[in-house]
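One file, run11.cif, carrying mmCIF, C-alpha atoms:
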data_upload
#
loop_
_atom_site.group_PDB
_atom_site.id
_atom_site.type_symbol
_atom_site.label_atom_id
_atom_site.label_comp_id
_atom_site.auth_asym_id
_atom_site.auth_seq_id
_atom_site.Cartn_x
_atom_site.Cartn_y
_atom_site.Cartn_z
ATOM 1 C CA MET A 1 0.000 0.000 0.000
ATOM 2 C CA LEU A 2 1.231 3.519 -0.870
ATOM 3 C CA ARG A 3 -0.170 6.845 0.096
ATOM 4 C CA ARG A 4 -0.842 7.743 -3.509
ATOM 5 C CA LEU A 5 0.258 6.827 -7.037
ATOM 6 C CA ILE A 6 1.953 9.441 -9.181
ATOM 7 C CA ALA A 7 2.827 9.046 -12.870
ATOM 8 C CA TRP A 8 4.395 12.163 -14.337
ATOM 9 C CA GLY A 9 7.029 12.697 -16.985
ATOM 10 C CA ASN A 10 7.062 8.945 -17.683
ATOM 11 C CA ASP A 11 6.717 6.890 -20.858
ATOM 12 C CA GLY A 12 5.411 3.363 -20.350
ATOM 13 C CA VAL A 13 3.676 2.945 -16.996
ATOM 14 C CA ASP A 14 1.608 -0.177 -16.306
ATOM 15 C CA VAL A 15 -0.049 -0.588 -12.902
ATOM 16 C CA LYS A 16 -2.440 -3.384 -11.901
ATOM 17 C CA ASN A 17 -4.264 -4.226 -8.677
ATOM 18 C CA PHE A 18 -3.356 -1.153 -6.653
ATOM 19 C CA PHE A 19 -4.805 0.157 -3.365
ATOM 20 C CA SER A 20 -3.985 3.656 -2.138
ATOM 21 C CA VAL A 21 -4.938 5.809 0.836
ATOM 22 C CA SER A 22 -4.699 9.570 0.514
ATOM 23 C CA GLY A 23 -6.559 12.603 1.775
ATOM 24 C CA ASP A 24 -6.022 14.408 -1.517
ATOM 25 C CA ASN A 25 -5.423 13.374 -5.154
ATOM 26 C CA ASN A 26 -5.156 9.583 -4.887
ATOM 27 C CA LEU A 27 -4.043 9.105 -8.509
ATOM 28 C CA VAL A 28 -1.959 11.839 -10.176
ATOM 29 C CA ILE A 29 -1.365 11.626 -13.942
ATOM 30 C CA GLY A 30 0.929 14.014 -15.803
ATOM 31 C CA TRP A 31 2.922 17.040 -14.643
ATOM 32 C CA TRP A 32 6.247 18.345 -15.996
ATOM 33 C CA GLY A 33 7.435 16.450 -18.998
ATOM 34 C CA LYS A 34 5.787 14.140 -21.486
ATOM 35 C CA THR A 35 3.622 11.479 -19.877
ATOM 36 C CA ASP A 36 2.689 8.753 -22.356
ATOM 37 C CA HIS A 37 1.562 5.120 -22.569
ATOM 38 C CA VAL A 38 0.094 4.997 -19.061
ATOM 39 C CA ASN A 39 -2.217 2.071 -18.229
ATOM 40 C CA ILE A 40 -3.905 1.769 -14.830
ATOM 41 C CA ASP A 41 -6.065 -1.330 -14.241
ATOM 42 C CA ASN A 42 -7.918 -2.273 -11.023
ATOM 43 C CA TYR A 43 -7.344 0.652 -8.692
ATOM 44 C CA ILE A 44 -9.048 1.271 -5.340
ATOM 45 C CA ALA A 45 -8.732 4.796 -3.943
ATOM 46 C CA TYR A 46 -9.642 5.266 -0.278
ATOM 47 C CA PHE A 47 -10.024 8.659 1.372
ATOM 48 C CA PRO A 48 -9.588 8.890 5.161
ATOM 49 C CA GLU A 49 -12.330 10.972 6.716
ATOM 50 C CA HIS A 50 -11.147 14.450 7.632
ATOM 51 C CA ALA A 51 -14.025 16.545 8.897
ATOM 52 C CA GLY A 52 -14.046 19.985 7.320
ATOM 53 C CA ILE A 53 -10.942 19.396 5.196
ATOM 54 C CA ALA A 54 -11.476 19.814 1.454
ATOM 55 C CA GLN A 55 -10.065 17.077 -0.747
ATOM 56 C CA THR A 56 -9.384 17.574 -4.427
ATOM 57 C CA SER A 57 -9.932 14.440 -6.471
ATOM 58 C CA ALA A 58 -9.741 10.697 -6.930
ATOM 59 C CA ILE A 59 -8.048 11.173 -10.321
ATOM 60 C CA PHE A 60 -5.959 14.283 -10.913
ATOM 61 C CA ALA A 61 -4.916 14.948 -14.538
ATOM 62 C CA GLN A 62 -2.421 17.770 -14.895
ATOM 63 C CA GLY A 63 -0.365 18.096 -18.041
ATOM 64 C CA ILE A 64 1.333 21.315 -17.067
ATOM 65 C CA GLU A 65 4.066 23.103 -18.974
ATOM 66 C CA GLY A 66 7.565 22.844 -17.560
ATOM 67 C CA THR A 67 8.877 25.868 -15.701
ATOM 68 C CA GLN A 68 12.574 25.017 -15.341
ATOM 69 C CA PRO A 69 15.282 25.121 -18.057
ATOM 70 C CA GLY A 70 15.499 21.863 -19.945
ATOM 71 C CA GLU A 71 12.100 20.565 -18.895
ATOM 72 C CA ASP A 72 10.042 18.782 -21.532
ATOM 73 C CA THR A 73 6.861 20.737 -22.236
ATOM 74 C CA SER A 74 5.455 18.278 -24.779
ATOM 75 C CA SER A 75 2.026 16.726 -24.530
ATOM 76 C CA MET A 76 0.433 14.121 -22.348
ATOM 77 C CA GLY A 77 -0.088 11.179 -24.685
ATOM 78 C CA THR A 78 -2.174 8.027 -24.319
ATOM 79 C CA VAL A 79 -3.537 7.453 -20.829
ATOM 80 C CA ARG A 80 -6.047 4.725 -19.965
ATOM 81 C CA ILE A 81 -7.530 4.198 -16.525
ATOM 82 C CA LYS A 82 -9.718 1.109 -16.223
ATOM 83 C CA ASN A 83 -11.644 -0.363 -13.271
ATOM 84 C CA PHE A 84 -11.327 2.472 -10.759
ATOM 85 C CA TYR A 85 -13.244 2.360 -7.462
ATOM 86 C CA ALA A 86 -13.384 5.443 -5.215
ATOM 87 C CA ILE A 87 -14.315 5.049 -1.523
ATOM 88 C CA LYS A 88 -15.281 7.667 1.063
ATOM 89 C CA GLN A 89 -14.858 10.809 -0.991
ATOM 90 C CA THR A 90 -16.461 12.868 1.737
ATOM 91 C CA ASN A 91 -15.419 16.342 0.664
ATOM 92 C CA VAL A 92 -14.121 16.163 -2.895
ATOM 93 C CA LEU A 93 -14.125 18.971 -5.453
ATOM 94 C CA GLY A 94 -14.350 16.566 -8.385
ATOM 95 C CA SER A 95 -13.859 12.842 -8.859
ATOM 96 C CA ILE A 96 -11.813 13.723 -11.957
ATOM 97 C CA TRP A 97 -9.994 17.040 -11.667
ATOM 98 C CA GLY A 98 -7.661 18.748 -14.066
ATOM 99 C CA LYS A 99 -5.473 21.798 -14.463
ATOM 100 C CA ILE A 100 -4.244 21.109 -17.967
ATOM 101 C CA LEU A 101 -2.202 23.524 -20.051
ATOM 102 C CA ASP A 102 -0.699 21.447 -22.841
ATOM 103 C CA ASN A 103 -1.879 18.921 -25.422
ATOM 104 C CA ILE A 104 -3.657 15.693 -24.605
ATOM 105 C CA ASP A 105 -3.907 13.040 -27.281
ATOM 106 C CA ASN A 106 -6.015 10.222 -25.854
ATOM 107 C CA PHE A 107 -7.184 10.184 -22.233
ATOM 108 C CA THR A 108 -9.738 7.468 -21.409
ATOM 109 C CA ILE A 109 -11.356 6.546 -18.094
ATOM 110 C CA GLU A 110 -13.345 3.311 -18.281
ATOM 111 C CA ASN A 111 -15.335 1.586 -15.526
ATOM 112 C CA LEU A 112 -15.280 4.248 -12.804
ATOM 113 C CA TYR A 113 -17.436 3.661 -9.720
ATOM 114 C CA THR A 114 -17.814 6.092 -6.850
ATOM 115 C CA GLU A 115 -19.208 4.622 -3.658
ATOM 116 C CA PRO A 116 -22.805 5.798 -3.021
ATOM 117 C CA GLY A 117 -22.993 8.767 -0.720
ATOM 118 C CA SER A 118 -19.278 9.472 -0.871
ATOM 119 C CA THR A 119 -18.737 12.305 -3.362
ATOM 120 C CA ARG A 120 -19.548 15.876 -2.459
ATOM 121 C CA ASP A 121 -19.752 17.831 -5.672
ATOM 122 C CA ASN A 122 -18.803 16.960 -9.238
ATOM 123 C CA LEU A 123 -17.846 14.141 -11.524
ATOM 124 C CA LEU A 124 -15.566 16.487 -13.503
ATOM 125 C CA TYR A 125 -13.823 19.717 -12.645
ATOM 126 C CA PHE A 126 -11.508 21.111 -15.338
ATOM 127 C CA ASP A 127 -10.927 24.702 -14.406
ATOM 128 C CA LEU A 128 -8.172 26.203 -16.549
ATOM 129 C CA ASN A 129 -8.307 27.610 -20.031
ATOM 130 C CA VAL A 130 -6.150 25.681 -22.459
ATOM 131 C CA SER A 131 -4.284 26.454 -25.653
ATOM 132 C CA SER A 132 -5.838 23.705 -27.766
ATOM 133 C CA ASN A 133 -8.720 21.263 -27.507
ATOM 134 C CA LYS A 134 -8.505 18.674 -24.736
ATOM 135 C CA ASN A 135 -10.242 15.387 -25.474
ATOM 136 C CA PHE A 136 -11.418 13.004 -22.750
ATOM 137 C CA ASN A 137 -13.365 9.778 -23.047
ATOM 138 C CA LEU A 138 -15.547 8.586 -20.153
ATOM 139 C CA LYS A 139 -16.973 5.084 -20.523
ATOM 140 C CA ASN A 140 -19.098 3.068 -18.084
ATOM 141 C CA ILE A 141 -19.169 5.594 -15.250
ATOM 142 C CA TYR A 142 -21.328 5.372 -12.117
ATOM 143 C CA PHE A 143 -21.513 8.569 -10.113
ATOM 144 C CA ASP A 144 -23.727 8.987 -7.069
ATOM 145 C CA LYS A 145 -24.502 12.696 -7.338
ATOM 146 C CA THR A 146 -26.323 14.680 -10.018
ATOM 147 C CA ALA A 147 -23.671 17.320 -10.744
ATOM 148 C CA GLY A 148 -21.795 16.617 -13.967
ATOM 149 C CA GLY A 149 -19.254 19.282 -13.100
ATOM 150 C CA TYR A 150 -17.468 22.168 -14.740
ATOM 151 C CA LEU A 151 -15.506 22.353 -18.008
ATOM 152 C CA SER A 152 -13.548 25.440 -18.897
ATOM 153 C CA ASP A 153 -13.314 26.615 -22.496
ATOM 154 C CA LYS A 154 -11.941 24.191 -25.141
ATOM 155 C CA TYR A 155 -12.352 20.996 -23.139
ATOM 156 C CA TYR A 156 -14.189 18.272 -25.055
ATOM 157 C CA VAL A 157 -15.519 15.246 -23.133
ATOM 158 C CA ARG A 158 -17.280 12.217 -24.572
ATOM 159 C CA PHE A 159 -19.829 10.510 -22.308
ATOM 160 C CA ASP A 160 -20.337 6.821 -23.133
ATOM 161 C CA ASN A 161 -22.707 5.118 -20.684
ATOM 162 C CA VAL A 162 -22.385 7.585 -17.803
ATOM 163 C CA ASN A 163 -24.899 7.277 -14.943
ATOM 164 C CA TYR A 164 -25.907 9.726 -12.227
ATOM 165 C CA ASN A 165 -27.839 8.082 -9.392
ATOM 166 C CA GLY A 166 -28.670 5.192 -11.718
ATOM 167 C CA ASN A 167 -29.961 7.438 -14.530
ATOM 168 C CA LEU A 168 -28.230 7.183 -17.888
ATOM 169 C CA VAL A 169 -27.022 10.514 -19.283
ATOM 170 C CA SER A 170 -28.935 10.644 -22.554
ATOM 171 C CA ASP A 171 -27.857 13.969 -24.066
ATOM 172 C CA ALA A 172 -25.576 16.934 -23.506
ATOM 173 C CA ALA A 173 -28.159 18.797 -21.415
ATOM 174 C CA ALA A 174 -28.576 15.787 -19.098
ATOM 175 C CA ALA A 175 -24.802 15.727 -18.588
ATOM 176 C CA ASN A 176 -25.337 18.758 -16.335
ATOM 177 C CA VAL A 177 -21.917 20.242 -17.075
ATOM 178 C CA MET A 178 -21.389 23.949 -16.455
ATOM 179 C CA GLY A 179 -18.842 26.160 -18.210
ATOM 180 C CA ALA A 180 -17.938 26.692 -21.857
ATOM 181 C CA GLY A 181 -16.570 23.184 -22.501
ATOM 182 C CA LYS A 182 -18.392 20.745 -24.771
ATOM 183 C CA VAL A 183 -19.964 17.345 -24.082
ATOM 184 C CA GLN A 184 -20.761 14.683 -26.660
ATOM 185 C CA VAL A 185 -22.979 11.775 -25.558
ATOM 186 C CA LEU A 186 -22.115 8.564 -27.419
ATOM 187 C CA ASN A 187 -23.742 5.687 -25.519
ATOM 188 C CA GLY A 188 -22.280 3.013 -27.780
ATOM 189 C CA LYS A 189 -22.149 5.025 -31.017
ATOM 190 C CA SER A 190 -18.344 5.375 -30.890
ATOM 191 C CA ALA A 191 -18.225 8.522 -33.019
ATOM 192 C CA LYS A 192 -14.905 10.336 -33.033
ATOM 193 C CA HIS A 193 -14.723 14.110 -33.119
ATOM 194 C CA TYR A 194 -12.029 16.210 -34.816
ATOM 195 C CA GLU A 195 -11.858 20.019 -34.825
ATOM 196 C CA PHE A 196 -10.794 21.287 -38.249
ATOM 197 C CA GLU A 197 -8.825 24.208 -36.794
ATOM 198 C CA ASN A 198 -6.476 21.661 -35.171
ATOM 199 C CA GLY A 199 -5.677 20.011 -38.502
ATOM 200 C CA GLN A 200 -3.061 20.913 -41.081
ATOM 201 C CA LEU A 201 -4.145 24.097 -42.850
ATOM 202 C CA ASN A 202 -2.882 25.117 -46.276
ATOM 203 C CA GLY A 203 -4.356 28.303 -47.719
ATOM 204 C CA ALA A 204 -7.004 28.304 -45.008
ATOM 205 C CA VAL A 205 -7.534 30.317 -41.818
ATOM 206 C CA ALA A 206 -8.783 29.262 -38.383
ATOM 207 C CA ALA A 207 -11.149 32.128 -37.584
ATOM 208 C CA ASP A 208 -13.239 33.102 -34.569
ATOM 209 C CA LYS A 209 -16.873 32.098 -35.165
ATOM 210 C CA ASN A 210 -19.525 32.590 -32.508
ATOM 211 C CA TYR A 211 -21.481 29.360 -32.936
ATOM 212 C CA ALA A 212 -18.692 27.016 -33.929
ATOM 213 C CA SER A 213 -17.644 24.451 -31.348
ATOM 214 C CA PHE A 214 -14.880 25.968 -29.216
ATOM 215 C CA GLY A 215 -15.551 29.256 -31.028
ATOM 216 C CA LYS A 216 -13.459 28.554 -34.135
ATOM 217 C CA ALA A 217 -13.975 27.263 -37.676
ATOM 218 C CA VAL A 218 -11.823 27.108 -40.814
ATOM 219 C CA ALA A 219 -12.569 29.714 -43.467
ATOM 220 C CA VAL A 220 -11.037 31.558 -46.442
ATOM 221 C CA MET A 221 -10.151 28.529 -48.570
ATOM 222 C CA SER A 222 -10.312 30.774 -51.591
ATOM 223 C CA SER A 223 -7.636 29.378 -53.908
ATOM 224 C CA ALA A 224 -7.409 26.101 -55.818
ATOM 225 C CA GLY A 225 -5.302 23.574 -53.951
ATOM 226 C CA SER A 226 -6.011 24.987 -50.491
ATOM 227 C CA PHE A 227 -6.990 22.303 -47.996
ATOM 228 C CA ILE A 228 -7.611 21.117 -44.435
ATOM 229 C CA GLU A 229 -6.213 17.732 -43.414
ATOM 230 C CA VAL A 230 -6.924 15.923 -40.168
ATOM 231 C CA THR A 231 -5.430 12.713 -38.818
ATOM 232 C CA VAL A 232 -8.037 10.224 -37.617
ATOM 233 C CA ASP A 233 -7.633 6.911 -35.851
ATOM 234 C CA VAL A 234 -10.041 3.958 -36.060
ATOM 235 C CA PRO A 235 -9.828 0.562 -34.324
ATOM 236 C CA VAL A 236 -10.731 -1.661 -37.293
ATOM 237 C CA ALA A 237 -10.674 -1.396 -41.078
ATOM 238 C CA GLY A 238 -14.022 -0.774 -42.745
ATOM 239 C CA ASN A 239 -16.539 1.784 -43.949
ATOM 240 C CA TYR A 240 -17.053 4.965 -41.925
ATOM 241 C CA THR A 241 -19.471 7.831 -42.462
ATOM 242 C CA LEU A 242 -18.261 11.421 -42.300
ATOM 243 C CA ASP A 243 -20.408 14.092 -40.629
ATOM 244 C CA ILE A 244 -19.261 17.698 -40.967
ATOM 245 C CA ALA A 245 -20.532 20.752 -39.069
ATOM 246 C CA TYR A 246 -20.433 23.945 -41.131
ATOM 247 C CA ALA A 247 -22.046 27.269 -41.946
ATOM 248 C CA ASN A 248 -22.779 28.511 -45.463
ATOM 249 C CA GLY A 249 -24.154 32.013 -45.654
ATOM 250 C CA SER A 250 -23.236 32.632 -49.283
ATOM 251 C CA GLY A 251 -26.740 32.004 -50.588
ATOM 252 C CA THR A 252 -25.590 29.159 -52.841
ATOM 253 C CA ASP A 253 -24.703 25.507 -52.319
ATOM 254 C CA GLY A 254 -21.021 24.631 -52.164
ATOM 255 C CA GLY A 255 -18.676 21.670 -52.280
ATOM 256 C CA GLN A 256 -15.202 20.425 -51.412
ATOM 257 C CA SER A 257 -13.224 17.427 -52.634
ATOM 258 C CA VAL A 258 -12.602 14.677 -50.063
ATOM 259 C CA TYR A 259 -9.359 12.674 -50.068
ATOM 260 C CA VAL A 260 -8.441 9.712 -47.864
ATOM 261 C CA ASN A 261 -4.752 8.914 -47.523
ATOM 262 C CA GLY A 262 -4.080 10.970 -50.640
ATOM 263 C CA ILE A 263 -6.742 9.289 -52.835
ATOM 264 C CA TYR A 264 -9.758 11.234 -54.127
ATOM 265 C CA GLN A 265 -13.130 9.928 -52.861
ATOM 266 C CA PHE A 266 -15.975 12.303 -53.753
ATOM 267 C CA GLN A 267 -17.194 15.892 -53.544
ATOM 268 C CA ALA A 268 -18.677 16.790 -50.157
ATOM 269 C CA LEU A 269 -21.708 19.051 -50.549
ATOM 270 C CA PHE A 270 -22.532 21.915 -48.157
ATOM 271 C CA PRO A 271 -26.046 23.241 -48.841
ATOM 272 C CA LYS A 272 -26.656 26.916 -48.107
ATOM 273 C CA THR A 273 -27.815 27.710 -44.576
ATOM 274 C CA ASN A 274 -28.809 31.306 -43.827
ATOM 275 C CA ALA A 275 -28.304 34.025 -46.391
ATOM 276 C CA GLY A 276 -25.547 36.232 -45.002
ATOM 277 C CA TRP A 277 -22.904 35.388 -42.429
ATOM 278 C CA ASP A 278 -24.892 36.287 -39.331
ATOM 279 C CA GLN A 279 -23.304 33.485 -37.229
ATOM 280 C CA SER A 280 -26.622 32.749 -35.554
ATOM 281 C CA ALA A 281 -27.304 29.271 -34.205
ATOM 282 C CA ALA A 282 -29.518 28.592 -37.233
ATOM 283 C CA SER A 283 -26.551 29.200 -39.539
ATOM 284 C CA TRP A 284 -24.624 26.172 -38.245
ATOM 285 C CA LYS A 285 -25.598 22.733 -39.524
ATOM 286 C CA LYS A 286 -24.212 19.205 -39.481
ATOM 287 C CA VAL A 287 -24.473 17.102 -42.617
ATOM 288 C CA ASN A 288 -23.470 13.579 -43.594
ATOM 289 C CA VAL A 289 -21.219 14.077 -46.615
ATOM 290 C CA GLY A 290 -20.577 10.426 -47.488
ATOM 291 C CA THR A 291 -18.874 7.131 -46.635
ATOM 292 C CA VAL A 292 -15.188 6.276 -46.899
ATOM 293 C CA ASN A 293 -13.160 3.126 -46.352
ATOM 294 C CA LEU A 294 -10.484 3.484 -43.676
ATOM 295 C CA LYS A 295 -7.650 1.195 -42.668
ATOM 296 C CA ALA A 296 -7.154 0.156 -39.052
ATOM 297 C CA GLY A 297 -5.081 2.757 -37.225
ATOM 298 C CA THR A 298 -4.096 6.182 -38.558
ATOM 299 C CA ASN A 299 -5.683 7.755 -41.655
ATOM 300 C CA LYS A 300 -5.464 11.190 -43.278
ATOM 301 C CA ILE A 301 -8.734 12.838 -44.308
ATOM 302 C CA LYS A 302 -8.391 15.962 -46.425
ATOM 303 C CA LEU A 303 -10.935 18.488 -47.690
ATOM 304 C CA GLN A 304 -9.444 20.330 -50.639
ATOM 305 C CA ARG A 305 -10.649 22.973 -53.031
ATOM 306 C CA ASP A 306 -10.127 21.554 -56.500
ATOM 307 C CA SER A 307 -10.912 23.325 -59.753
ATOM 308 C CA ILE A 308 -14.401 21.780 -59.859
ATOM 309 C CA ASP A 309 -15.285 22.917 -56.326
ATOM 310 C CA ILE A 310 -17.105 25.939 -54.938
ATOM 311 C CA TYR A 311 -16.154 26.920 -51.396
ATOM 312 C CA PRO A 312 -18.641 29.184 -49.632
ATOM 313 C CA ALA A 313 -18.656 27.326 -46.276
ATOM 314 C CA ASP A 314 -16.984 27.703 -42.891
ATOM 315 C CA LEU A 315 -15.976 24.224 -41.716
ATOM 316 C CA ASP A 316 -16.270 23.553 -37.978
ATOM 317 C CA TYR A 317 -15.564 19.888 -37.152
ATOM 318 C CA LEU A 318 -15.545 16.329 -38.481
ATOM 319 C CA GLU A 319 -17.192 13.292 -36.870
ATOM 320 C CA VAL A 320 -16.151 9.809 -37.989
ATOM 321 C CA ASN A 321 -18.791 7.128 -37.368
ATOM 322 C CA PRO A 322 -18.555 3.351 -37.929
#

In structure tokens, write the structure found in this file.
Amino acid sequence: MLRRLIAWGNDGVDVKNFFSVSGDNNLVIGWWGKTDHVNIDNYIAYFPEHAGIAQTSAIFAQGIEGTQPGEDTSSMGTVRIKNFYAIKQTNVLGSIWGKILDNIDNFTIENLYTEPGSTRDNLLYFDLNVSSNKNFNLKNIYFDKTAGGYLSDKYYVRFDNVNYNGNLVSDAAAANVMGAGKVQVLNGKSAKHYEFENGQLNGAVAADKNYASFGKAVAVMSSAGSFIEVTVDVPVAGNYTLDIAYANGSGTDGGQSVYVNGIYQFQALFPKTNAGWDQSAASWKKVNVGTVNLKAGTNKIKLQRDSIDIYPADLDYLEVNP
């Protein structure tokens, strides 16, 4: 038994069947330096009762930038926490708490159970603004309270079979998450979300747009050959549908050529939304543009303006669905 488990600045951490006792932050992931390939399986976190003393979290994710010369400020990579049981969280700010300043590639928490009656406030509490989108996956979560928590701007959390007091979270509103962060409810759909402004941009601009997710979309692809390319990852080879959120206030329908791993697939069509670029909620739509065949693992999906294309749309994000 150890007081707590800390994995920071490490590459390749595998922990199984662990029991810890701590009054604050039982499991700490990240902090100063790249933390990657972390797997935690079968973890019991026990909190001693301290009347009137605030505790922070059962799982503390902090990928903070280094502050000393020579420190590695690169991203937190793949982290997977599976089969986590939290006991006696009597005065906890959030079961999962984060102060995250740098990139996160793939952070998944699967099979999290908080003991009934133990947690004071929130499932999540991510309270710092970040420089780029932070993606978290929550799968098979049981949480005793009804407060989903707080997500600061640019956090993106996927809920997949998350329960509050035995009630399945069915949509983003039911997730009960405050703040400017975004929630996507999957519940077995396994869609993957990619913000276009985080992709490779050539002849395109990531611009502030009021109703785009995280407040940005890609615009001004005005010349032939300009493109957006995003890297997507899928578990198995097969056909996947592409859904794209966009706005088209030009008054005419538009289109962009879709390439997968450098091979042309089809022209994605973006029907006109509102006339004029008013950026109202009604201006932003999501459309299924077609189906592509992807290989298992990493793929490159590119939207390019070819000579046959018309580009009057602002492109917000891509969702890849099996």

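When the PyMOL selection byres ((chain A and resi 225) around 6) is evaluated against the file, it yields A:Ala224, A:Ser226, A:Arg305, A:Asp306.
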
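Residue neighbourhood of region 215-221 of chain A, excluding near-sequence residues (fewer than 5 positions): Phe196, Glu197, Gly203, Ala204, Val205, Ala206, Ala207, Asp208, Lys209, Asn210, Ser226, Phe227, Arg305, Tyr311, Ala313, Asp314, Leu315, Asp316 and Tyr317 of chain A, at 8 Å, using all atoms listed in the file.
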
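Taking all atoms listed in the file, the non-local environment of Lys295 (chain A) within 8 Å (same-chain residues fewer than 2 positions away omitted) comprises Val234, Val236, Ala237, Gly238, Asn293, Gly297, Thr298 and Asn299 of chain A.
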
Could you put an axis-aligned box around every listed atom of region 293-306 of chain A, padded by 4 Å on each side, and send me its centre and edge lengths in Å to one decimal, as lines of an AutoDock Vina configuration file?
center_x = -8.6
center_y = 11.6
center_z = -46.9
size_x = 17.1
size_y = 30.8
size_z = 27.3

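If you look at CA of Asp144 (chain A) and CA of Asp24 (chain A), they are 19.3 Å away from each other.
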
Completion exercise
Closest of A:Ala174, A:Ala268, A:Ala245, A:Val13 to Trp284 (chain A), counting all atoms listed in the file, is A:Ala245

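Shell of Asn163 (chain A) at 8 Å, with all atoms listed in the file counted and residues fewer than 6 places along the chain excluded, is Asn140, Ile141, Tyr142, Phe143 and Val169 of chain A.
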
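Restricting the calculation to all atoms listed in the file, the smallest distance between Asn202 (chain A) and any of A:Val230, A:Ala173, A:Val183, A:Ala86 is found for A:Val230.
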
Handout entry: For Phe18 (chain A): contacts at 7 Å, all atoms listed in the file, fewer than 5 positions along chain excluded, given as number ranges by chain
Key = A: 42-44

Keeping only C-alpha atoms, take the residues you just selected and write them out as a PDB file, in the coordinates of the input.
ATOM      1  CA  ASN A  42      -7.918  -2.273 -11.023  1.00  0.00           C
ATOM      2  CA  TYR A  43      -7.344   0.652  -8.692  1.00  0.00           C
ATOM      3  CA  ILE A  44      -9.048   1.271  -5.340  1.00  0.00           C
TER       4      ILE A  44
END

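Nearest-residue note for Phe84 (chain A): choosing from A:Val38, A:Ala61, A:Leu27, A:Ala212, the minimum distance belongs to A:Leu27, counting only C-alpha atoms.
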